[in-house]
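Data from upload29.txt: compact mmCIF, C-alpha atoms
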```txt
# COMPACT_ATOMS: atom_id res chain seq x y z
CA MET U 1 33.64 192.14 92.99
CA GLY U 2 33.77 189.05 95.23
CA THR U 3 36.18 189.63 98.11
CA THR U 4 36.95 185.93 98.52
CA ARG U 5 37.68 185.52 94.83
CA LEU U 6 39.91 188.59 94.82
CA LEU U 7 41.87 187.43 97.86
CA CYS U 8 42.36 183.96 96.40
CA LEU U 9 43.65 185.45 93.16
CA ALA U 10 46.01 187.81 94.96
CA VAL U 11 47.37 185.03 97.16
CA THR U 12 47.87 182.84 94.10
CA LEU U 13 49.81 185.55 92.28
CA LEU U 14 51.99 186.23 95.28
CA ALA U 15 52.56 182.57 96.12
CA VAL U 16 53.57 181.62 92.60
CA ALA U 17 55.92 184.57 92.30
CA ALA U 18 57.50 183.71 95.62
CA SER U 19 57.77 180.02 94.78
CA VAL U 20 60.40 180.71 92.14
CA CYS U 21 62.47 182.85 94.48
CA ALA U 22 64.31 182.39 97.76
CA GLN U 23 63.38 184.84 100.53
CA ASP U 24 66.32 186.44 102.31
CA HIS U 25 66.62 185.94 106.08
CA SER U 26 63.51 183.83 106.56
CA SER U 27 63.28 180.06 107.06
CA SER U 28 66.12 177.72 107.96
CA GLU U 29 65.51 175.77 104.76
CA GLU U 30 66.09 178.93 102.73
CA VAL U 31 69.27 179.75 104.65
CA ILE U 32 70.54 176.25 103.88
CA LEU U 33 69.62 176.70 100.22
CA ARG U 34 71.49 180.00 100.06
CA SER U 35 74.49 178.34 101.71
CA GLN U 36 74.50 175.56 99.14
CA PHE U 37 74.39 178.13 96.36
CA ASP U 38 77.29 180.04 97.91
CA ASP U 39 79.34 176.86 97.91
CA GLN U 40 79.00 176.70 94.13
CA GLY U 41 81.29 179.70 93.93
CA ASN U 42 79.34 182.65 92.50
CA PRO U 43 79.63 185.55 94.96
CA ASP U 44 76.97 187.57 93.14
CA ALA U 45 74.38 185.38 94.87
CA VAL U 46 74.84 187.21 98.15
CA LEU U 47 76.24 190.58 97.10
CA PRO U 48 74.06 193.70 97.02
CA THR U 49 73.62 195.53 93.74
CA ASP U 50 76.37 198.09 94.27
CA GLU U 51 78.92 195.40 95.14
CA ILE U 52 77.96 193.27 92.14
CA ILE U 53 78.66 196.29 89.97
CA ARG U 54 82.07 196.92 91.56
CA ARG U 55 83.03 193.24 91.48
CA HIS U 56 82.74 193.30 87.69
CA GLY U 57 85.00 196.33 87.42
CA TYR U 58 82.41 199.07 86.88
CA PRO U 59 82.10 202.34 88.82
CA SER U 60 79.19 202.22 91.26
CA GLU U 61 77.25 204.91 93.10
CA THR U 62 74.38 204.76 95.57
CA HIS U 63 71.94 207.66 95.90
CA LEU U 64 69.04 208.28 98.29
CA VAL U 65 65.95 210.34 97.55
CA THR U 66 62.90 211.06 99.73
CA THR U 67 59.45 211.16 98.15
CA GLU U 68 56.74 213.73 98.88
CA ASP U 69 55.03 211.22 101.18
CA GLY U 70 58.19 210.37 103.11
CA TYR U 71 59.53 207.12 101.63
CA VAL U 72 63.32 206.93 101.36
CA LEU U 73 64.34 205.29 98.10
CA THR U 74 67.71 203.94 97.01
CA MET U 75 68.95 204.32 93.46
CA HIS U 76 72.01 202.58 92.05
CA ARG U 77 74.08 204.17 89.32
CA ILE U 78 76.70 203.06 86.81
CA PRO U 79 77.93 206.42 85.51
CA ARG U 80 80.13 205.01 82.74
CA GLY U 81 81.39 201.79 81.22
CA ARG U 82 84.07 199.51 82.57
CA ASN U 83 86.69 200.77 80.14
CA SER U 84 85.51 204.37 79.84
CA PRO U 85 88.18 206.89 80.83
CA GLY U 86 87.71 209.31 83.73
CA THR U 87 84.50 210.67 85.17
CA GLY U 88 83.79 213.39 82.64
CA GLY U 89 81.53 213.33 79.65
CA ASN U 90 77.98 214.29 78.98
CA ARG U 91 76.39 210.86 78.82
CA PRO U 92 72.67 210.46 78.13
CA VAL U 93 70.70 209.11 81.09
CA VAL U 94 68.84 205.80 80.99
CA PHE U 95 66.62 204.94 83.96
CA LEU U 96 65.82 201.25 84.56
CA GLN U 97 62.84 200.19 86.69
CA HIS U 98 62.38 196.64 87.93
CA CYS U 99 59.38 194.33 88.13
CA LEU U 100 57.17 193.03 90.96
CA LEU U 101 59.04 191.48 93.91
CA CYS U 102 62.36 192.56 92.41
CA SER U 103 65.05 195.21 92.85
CA SER U 104 67.79 196.95 90.93
CA SER U 105 69.76 193.69 91.07
CA VAL U 106 67.75 192.29 88.14
CA TRP U 107 69.65 194.59 85.78
CA VAL U 108 73.09 193.34 86.88
CA PHE U 109 72.80 189.80 88.26
CA MET U 110 73.26 188.22 84.82
CA GLY U 111 76.76 189.73 84.60
CA PRO U 112 78.39 192.05 82.05
CA GLU U 113 77.47 189.91 79.04
CA ASN U 114 73.70 189.78 79.63
CA GLY U 115 73.01 192.36 82.33
CA LEU U 116 71.28 195.30 80.65
CA ALA U 117 72.76 197.91 83.00
CA PHE U 118 76.30 196.80 82.17
CA ILE U 119 75.56 196.69 78.44
CA LEU U 120 74.13 200.21 78.43
CA ALA U 121 77.02 201.61 80.48
CA ASP U 122 79.53 200.12 78.04
CA GLN U 123 77.58 201.68 75.17
CA GLY U 124 78.03 205.20 76.55
CA PHE U 125 74.97 205.70 78.76
CA ASP U 126 74.71 207.00 82.32
CA VAL U 127 72.67 204.20 83.89
CA TRP U 128 70.38 204.70 86.88
CA MET U 129 68.39 201.91 88.51
CA GLY U 130 65.38 202.60 90.70
CA ASN U 131 64.14 200.61 93.69
CA ALA U 132 60.42 200.82 94.38
CA ARG U 133 59.20 201.54 97.89
CA GLY U 134 59.06 198.47 100.09
CA ASN U 135 61.79 196.44 98.44
CA GLU U 136 64.98 195.55 100.29
CA TYR U 137 66.75 198.76 99.25
CA SER U 138 63.84 201.16 99.80
CA ARG U 139 62.33 199.99 103.08
CA ARG U 140 62.64 203.26 104.97
CA HIS U 141 60.38 206.19 105.80
CA VAL U 142 60.94 209.47 107.60
CA LEU U 143 58.18 208.61 110.12
CA LEU U 144 56.61 205.20 109.46
CA ASP U 145 57.95 201.89 110.77
CA PRO U 146 58.27 199.10 108.17
CA LYS U 147 57.17 196.68 110.89
CA LYS U 148 53.78 198.41 111.00
CA SER U 149 50.99 197.98 108.46
CA GLN U 150 50.71 201.72 107.80
CA PHE U 151 54.10 201.66 106.08
CA TRP U 152 52.81 199.09 103.58
CA ASP U 153 49.66 200.99 102.59
CA PHE U 154 50.64 201.49 98.96
CA SER U 155 50.49 199.86 95.55
CA TRP U 156 52.11 200.60 92.20
CA ASN U 157 49.84 203.64 92.04
CA GLU U 158 51.92 205.40 94.71
CA MET U 159 55.11 204.13 93.08
CA GLY U 160 54.05 205.93 89.92
CA TYR U 161 52.65 209.03 91.58
CA TYR U 162 55.45 209.59 94.12
CA ASP U 163 58.49 207.38 93.50
CA LEU U 164 59.24 207.97 89.83
CA PRO U 165 58.78 211.77 89.95
CA ALA U 166 61.08 212.07 92.97
CA GLU U 167 63.72 209.92 91.28
CA PHE U 168 63.45 211.73 87.95
CA ASP U 169 63.75 215.14 89.62
CA TYR U 170 66.86 214.00 91.47
CA VAL U 171 68.56 212.36 88.50
CA LEU U 172 67.95 215.20 86.05
CA SER U 173 69.01 217.82 88.58
CA LEU U 174 72.24 216.00 89.44
CA THR U 175 73.22 215.18 85.85
CA GLY U 176 72.06 218.44 84.30
CA GLN U 177 70.31 216.50 81.56
CA PRO U 178 66.99 217.87 80.25
CA LYS U 179 65.48 214.43 79.61
CA LEU U 180 66.02 210.76 80.29
CA SER U 181 65.24 207.50 78.56
CA TYR U 182 63.16 205.04 80.57
CA VAL U 183 63.21 201.24 80.39
CA GLY U 184 60.67 199.45 82.57
CA PHE U 185 59.96 195.77 82.94
CA SER U 186 56.48 194.52 83.90
CA MET U 187 55.56 196.46 87.06
CA GLY U 188 58.12 199.04 85.98
CA THR U 189 55.87 199.73 83.00
CA THR U 190 52.74 199.87 85.17
CA MET U 191 54.37 202.47 87.38
CA PHE U 192 55.25 204.57 84.35
CA PHE U 193 51.75 204.49 82.85
CA ALA U 194 50.27 205.40 86.24
CA MET U 195 52.70 208.31 86.50
CA GLY U 196 52.10 209.52 82.95
CA ALA U 197 48.35 209.58 83.54
CA SER U 198 48.37 211.09 87.05
CA ARG U 199 51.43 213.37 86.79
CA PRO U 200 51.31 214.29 83.08
CA GLU U 201 53.80 217.13 83.53
CA TYR U 202 56.54 214.48 83.72
CA ASN U 203 55.89 213.26 80.19
CA THR U 204 57.97 216.16 78.84
CA ARG U 205 61.02 214.91 80.74
CA ILE U 206 61.03 211.57 78.96
CA ARG U 207 63.04 211.23 75.74
CA SER U 208 61.54 207.79 75.18
CA MET U 209 59.91 205.02 77.16
CA HIS U 210 60.64 201.37 76.37
CA ALA U 211 58.23 198.94 77.98
CA PHE U 212 59.39 195.33 78.38
CA ALA U 213 56.33 193.09 78.86
CA PRO U 214 54.01 196.11 79.20
CA VAL U 215 51.47 195.69 81.97
CA ALA U 216 48.47 197.99 82.29
CA PHE U 217 45.57 195.76 81.32
CA VAL U 218 45.80 192.21 82.69
CA GLY U 219 42.32 190.85 82.01
CA LYS U 220 43.69 188.21 79.61
CA MET U 221 46.47 187.04 81.90
CA LYS U 222 47.12 183.30 81.75
CA SER U 223 48.00 181.00 84.62
CA PRO U 224 50.92 182.36 86.66
CA ILE U 225 52.29 178.84 86.92
CA LYS U 226 54.00 179.52 83.60
CA LEU U 227 56.31 181.89 85.46
CA LEU U 228 58.27 178.79 86.47
CA HIS U 229 59.28 177.95 82.90
CA PRO U 230 62.29 180.26 82.41
CA PHE U 231 64.01 179.01 85.53
CA LEU U 232 64.08 175.39 84.37
CA ALA U 233 66.65 176.13 81.68
CA GLN U 234 69.02 178.12 83.86
CA SER U 235 72.49 176.77 84.57
CA ASN U 236 73.63 175.72 88.02
CA THR U 237 75.80 178.83 88.25
CA THR U 238 73.06 181.29 87.29
CA LEU U 239 70.31 179.93 89.53
CA PRO U 240 72.13 180.74 92.79
CA VAL U 241 72.43 184.39 91.75
CA ILE U 242 68.75 184.67 90.80
CA PHE U 243 67.57 182.95 93.96
CA GLY U 244 69.93 185.08 96.03
CA HIS U 245 68.15 188.28 95.02
CA LEU U 246 64.47 187.39 94.54
CA PRO U 247 62.00 188.16 95.95
CA ALA U 248 63.11 191.59 97.12
CA GLY U 249 59.79 192.53 98.75
CA CYS U 250 56.56 194.37 98.01
CA SER U 251 53.27 195.21 99.68
CA ALA U 252 50.26 192.91 99.62
CA LYS U 253 48.27 195.87 98.30
CA THR U 254 50.48 195.93 95.20
CA VAL U 255 49.53 192.35 94.39
CA MET U 256 45.87 193.04 95.21
CA HIS U 257 45.86 195.96 92.78
CA TYR U 258 46.94 193.63 89.98
CA ALA U 259 44.36 191.07 91.07
CA GLN U 260 41.65 193.70 90.74
CA GLY U 261 42.76 194.35 87.17
CA VAL U 262 42.66 190.65 86.35
CA LEU U 263 39.04 190.44 87.49
CA THR U 264 37.80 193.68 85.87
CA GLY U 265 39.99 193.88 82.78
CA ASP U 266 40.40 197.61 83.44
CA PHE U 267 43.34 199.87 84.30
CA ARG U 268 42.02 201.72 87.33
CA LEU U 269 43.11 203.22 90.60
CA TYR U 270 42.86 200.95 93.64
CA ASP U 271 39.37 199.70 94.50
CA TYR U 272 38.58 200.32 98.19
CA GLY U 273 35.00 199.08 97.94
CA LEU U 274 31.84 201.17 97.65
CA ILE U 275 32.24 203.22 100.84
CA GLY U 276 35.99 203.63 100.49
CA ASN U 277 35.69 204.67 96.85
CA LEU U 278 33.04 207.26 97.65
CA LYS U 279 35.27 208.75 100.32
CA ARG U 280 38.42 208.78 98.20
CA TYR U 281 37.15 209.35 94.69
CA GLY U 282 33.58 210.55 95.07
CA SER U 283 32.39 207.67 92.90
CA ALA U 284 31.23 204.10 93.42
CA GLU U 285 34.07 202.73 91.30
CA PRO U 286 37.71 203.82 91.17
CA PRO U 287 38.52 206.09 88.21
CA GLU U 288 40.25 204.68 85.17
CA TYR U 289 43.72 205.98 84.38
CA ASP U 290 43.47 208.34 81.43
CA LEU U 291 46.13 206.88 79.16
CA GLY U 292 45.43 209.68 76.70
CA LEU U 293 47.51 211.85 79.04
CA VAL U 294 50.60 209.65 78.57
CA THR U 295 52.16 211.79 75.85
CA ALA U 296 55.75 210.57 76.23
CA PRO U 297 57.03 208.56 73.24
CA VAL U 298 56.34 204.91 74.05
CA ASN U 299 57.74 201.70 72.54
CA LEU U 300 56.08 198.41 73.53
CA HIS U 301 58.28 195.32 73.52
CA TYR U 302 56.12 192.22 73.86
CA SER U 303 56.18 188.47 73.24
CA SER U 304 53.61 185.94 72.10
CA ASN U 305 54.20 183.52 74.99
CA ASP U 306 53.98 185.93 77.91
CA TRP U 307 51.86 184.64 80.80
CA LEU U 308 51.21 188.12 82.24
CA ALA U 309 51.55 190.65 79.43
CA ASN U 310 49.12 188.90 77.11
CA VAL U 311 49.18 190.02 73.47
CA GLU U 312 45.51 191.05 73.57
CA ASP U 313 46.10 193.18 76.64
CA VAL U 314 49.18 194.76 75.07
CA LYS U 315 47.22 195.67 71.93
CA LYS U 316 44.45 197.13 74.11
CA LEU U 317 47.07 199.33 75.77
CA ALA U 318 48.58 200.32 72.43
CA ASP U 319 45.22 201.55 71.16
CA LYS U 320 44.98 204.01 74.05
CA LEU U 321 48.46 205.54 73.87
CA PRO U 322 48.53 208.82 71.92
CA ASN U 323 52.28 208.78 71.21
CA LEU U 324 52.98 205.12 70.51
CA LYS U 325 56.12 204.86 68.39
CA LYS U 326 56.57 201.14 67.86
CA MET U 327 55.26 197.74 68.87
CA ILE U 328 58.16 195.30 68.79
CA LEU U 329 57.43 191.58 68.96
CA VAL U 330 60.36 189.59 70.36
CA PRO U 331 61.32 187.22 67.49
CA GLU U 332 61.15 184.03 69.53
CA PRO U 333 57.79 182.25 69.99
CA ARG U 334 58.83 180.63 73.29
CA PHE U 335 59.95 183.91 74.88
CA ASN U 336 58.13 184.26 78.21
CA HIS U 337 57.68 186.88 80.90
CA MET U 338 60.90 186.40 82.86
CA ASP U 339 62.93 185.83 79.70
CA TYR U 340 63.23 189.63 79.41
CA LEU U 341 65.80 189.28 82.17
CA LEU U 342 66.88 185.65 82.20
CA ALA U 343 66.94 184.26 78.67
CA ILE U 344 70.38 183.11 77.60
CA ASP U 345 69.93 184.81 74.24
CA VAL U 346 68.17 187.94 75.52
CA ARG U 347 70.97 190.15 74.27
CA SER U 348 70.60 189.16 70.63
CA LEU U 349 66.81 188.93 70.82
CA LEU U 350 66.16 192.22 72.60
CA TYR U 351 68.99 194.21 74.18
CA ASP U 352 71.12 194.86 71.08
CA SER U 353 68.21 196.37 69.18
CA LEU U 354 67.17 198.38 72.24
CA VAL U 355 70.63 199.91 72.50
CA GLN U 356 70.49 200.99 68.87
CA MET U 357 67.03 202.49 69.32
CA LEU U 358 68.19 204.44 72.37
CA LYS U 359 71.23 205.76 70.49
CA ASN U 360 69.08 206.83 67.56
CA GLU U 361 66.67 208.63 69.90
CA VAL U 362 69.53 210.54 71.55
CA SER U 363 70.85 211.69 68.19
CA GLN U 364 67.49 212.98 66.97
```
Rewritten as C-alpha cells:
Amino acid sequence: MGTTRLLCLAVTLLAVAASVCAQDHSSSEEVILRSQFDDQGNPDAVLPTDEIIRRHGYPSETHLVTTEDGYVLTMHRIPRGRNSPGTGGNRPVVFLQHCLLCSSSVWVFMGPENGLAFILADQGFDVWMGNARGNEYSRRHVLLDPKKSQFWDFSWNEMGYYDLPAEFDYVLSLTGQPKLSYVGFSMGTTMFFAMGASRPEYNTRIRSMHAFAPVAFVGKMKSPIKLLHPFLAQSNTTLPVIFGHLPAGCSAKTVMHYAQGVLTGDFRLYDYGLIGNLKRYGSAEPPEYDLGLVTAPVNLHYSSNDWLANVEDVKKLADKLPNLKKMILVPEPRFNHMDYLLAIDVRSLLYDSLVQMLKNEVSQ
C-alpha cells in the first residue's frame, strides 16, 4: 500500500469532513462565525448536549465510565419523555452512537421534532447516547495527557473493543435491563461490527442493532465532496446549531483506518505495515474482522445516494452477517449520508418506522 497515497486520502477525508463544520475554540474566523450564529438567536448552537436536552424540557443525566484501557467516557441520558410522569417505569434501553467527528449532540441538535433521542424518549424508551474516545466529551484518561500523541493512538477498532463494552456493561447494570437496542450512524456502525467480531460475547446483550448508513466495507466510496450537499438546504436557524457542534474531534488514526479500507476494499484491523503487523498480529497483513461472529440481530438502513455507505459495500456487508433481519432502503433517491441526521423529512422517511420496529422487537 503506497504510504503517500494513503496519507493523501486520509487528509482528504478529514479535510472535507472538517470543511462542513466549525471547530470550537480554534481560529479567530471561527469564533467570529460562531458569534454571528449566536446573534441569530438559537442557543442550542453553543449549549452542550445535556443543556440542550434540559432546555427543551426533558430530564437529562450525565454518566462517566472508564474503559479497560483507561479512557474516561461521557454518556448522556434521557431517561423518559418530556411529558412522562415521575422517574419510575421499566423502560427499554436504546443506545445511540454517533458518527465520525461527531458527539452525542447529533441526536438532539435538531430539536424535539427531528432529534431522534427526543423522539425515542417520548415514545417510552430510556435513551442513552455514547461519546467515543477523543471527542469533546470523552477527552480524558486516567494516565495519558490529551496533549500528547500517545493519548490519540487509537481508531474505531479500540472504540469497538473497549468503549462500547464498557458503556454497555454500565448501562445494563444501572438499569437492570438484560438487553439493549443499538442504533449507530456511520462510524457508530463500524464500532459495533468491530465489537461484535472481536468481543462476540456482547452479541447476546443486544436485542437488535439498527445501522444507519452502515460502514464496514468502504471500497466503493464515492467522492467525499458530496458530504457538502445536505448542508446547502438547511435553514439559517438550523445551520448555526450544526456548526456549533461539529466537528467534535477524533484521532488521525481513526481517519487513516478508514482510508486503508478505501484502498483495500476490506474490513480489517489497522495496518501497521509489514514489521508492525508481524509484531502485533504475527502476519504480514492485518487480520480481517470475522463478521460471522456478529450474531446480534442486525437491520441495515441504507440509501441509494450515500457517498460513503455505497450500496455495493452495504450488500457486501449484508452477505457476511449471519443474523441479518432486514435491509431497509430509505424511500428517497436523493437521501445522502448526512441526511440520516439533517434531512428535514428524516422523521417520516426513517425515524417513525424505526420507532415501530424497536417497539415490535421489545414486545417479542
inquiry  = Please compute the CA of Ala259 in chain U-CA of Leu116 in chain U distance, one decimal, in Å.
reply    =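 The value is 29.2 Å.
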Go ahead and fit an axis-aligned box to every listed atom of range 311-321 of chain U plus 8 Å each side, and pass me the centre and edge lengths in Å, one decimal, as AutoDock Vina command-line options.
```
--center_x 46.8 --center_y 197.8 --center_z 73.9 --size_x 20.7 --size_y 31.5 --size_z 21.5
```
ask   = At what distance in Å, to one decimal, does CA of Ser198 in chain U lie from CA of Trp307 in chain U?
value =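 These atoms are spaced 27.4 Å apart.
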ask   = Suppose you want the space between CA of Ser304 in chain U and CA of Pro112 in chain U; what is it in Å?
value = 27.4 Å
Who sits within 7 Å of Pro178 in chain U, all atoms listed in the file, same chain under 2 positions skipped, as a PyMOL selection string = chain U and resi 172+176+205
Near range 155-170 of chain U, 9 Å: range 193-212 of chain U residue rows, closest pairs, only C-alpha atoms, as a tab-separated table:
```
residue	atom	partner	partner_atom	distance
U:Phe193	CA	U:Gly160	CA	7.6
U:Ala194	CA	U:Gly160	CA	5.3
U:Met195	CA	U:Gly160	CA	4.4
U:Gly196	CA	U:Gly160	CA	8.1
U:Ser198	CA	U:Tyr161	CA	6.6
U:Arg199	CA	U:Tyr161	CA	6.6
U:Tyr202	CA	U:Pro165	CA	7.2
U:Arg205	CA	U:Phe168	CA	8.2
```
message = Env of range 281-284 of chain U: 12 Å cut, atoms = only C-alpha atoms, seq-sep filter 3 positions within chain, self excluded. Answer as a PyMOL selection string.
response = chain U and resi 268-278+287-288
inquiry  = Let me make sure I understand: among U:His141, U:Asp339, U:Arg334, U:Asp122, which one has the smallest atom-to-atom distance to Glu68 in chain U if we use all atoms listed in the file?
reply    = U:His141
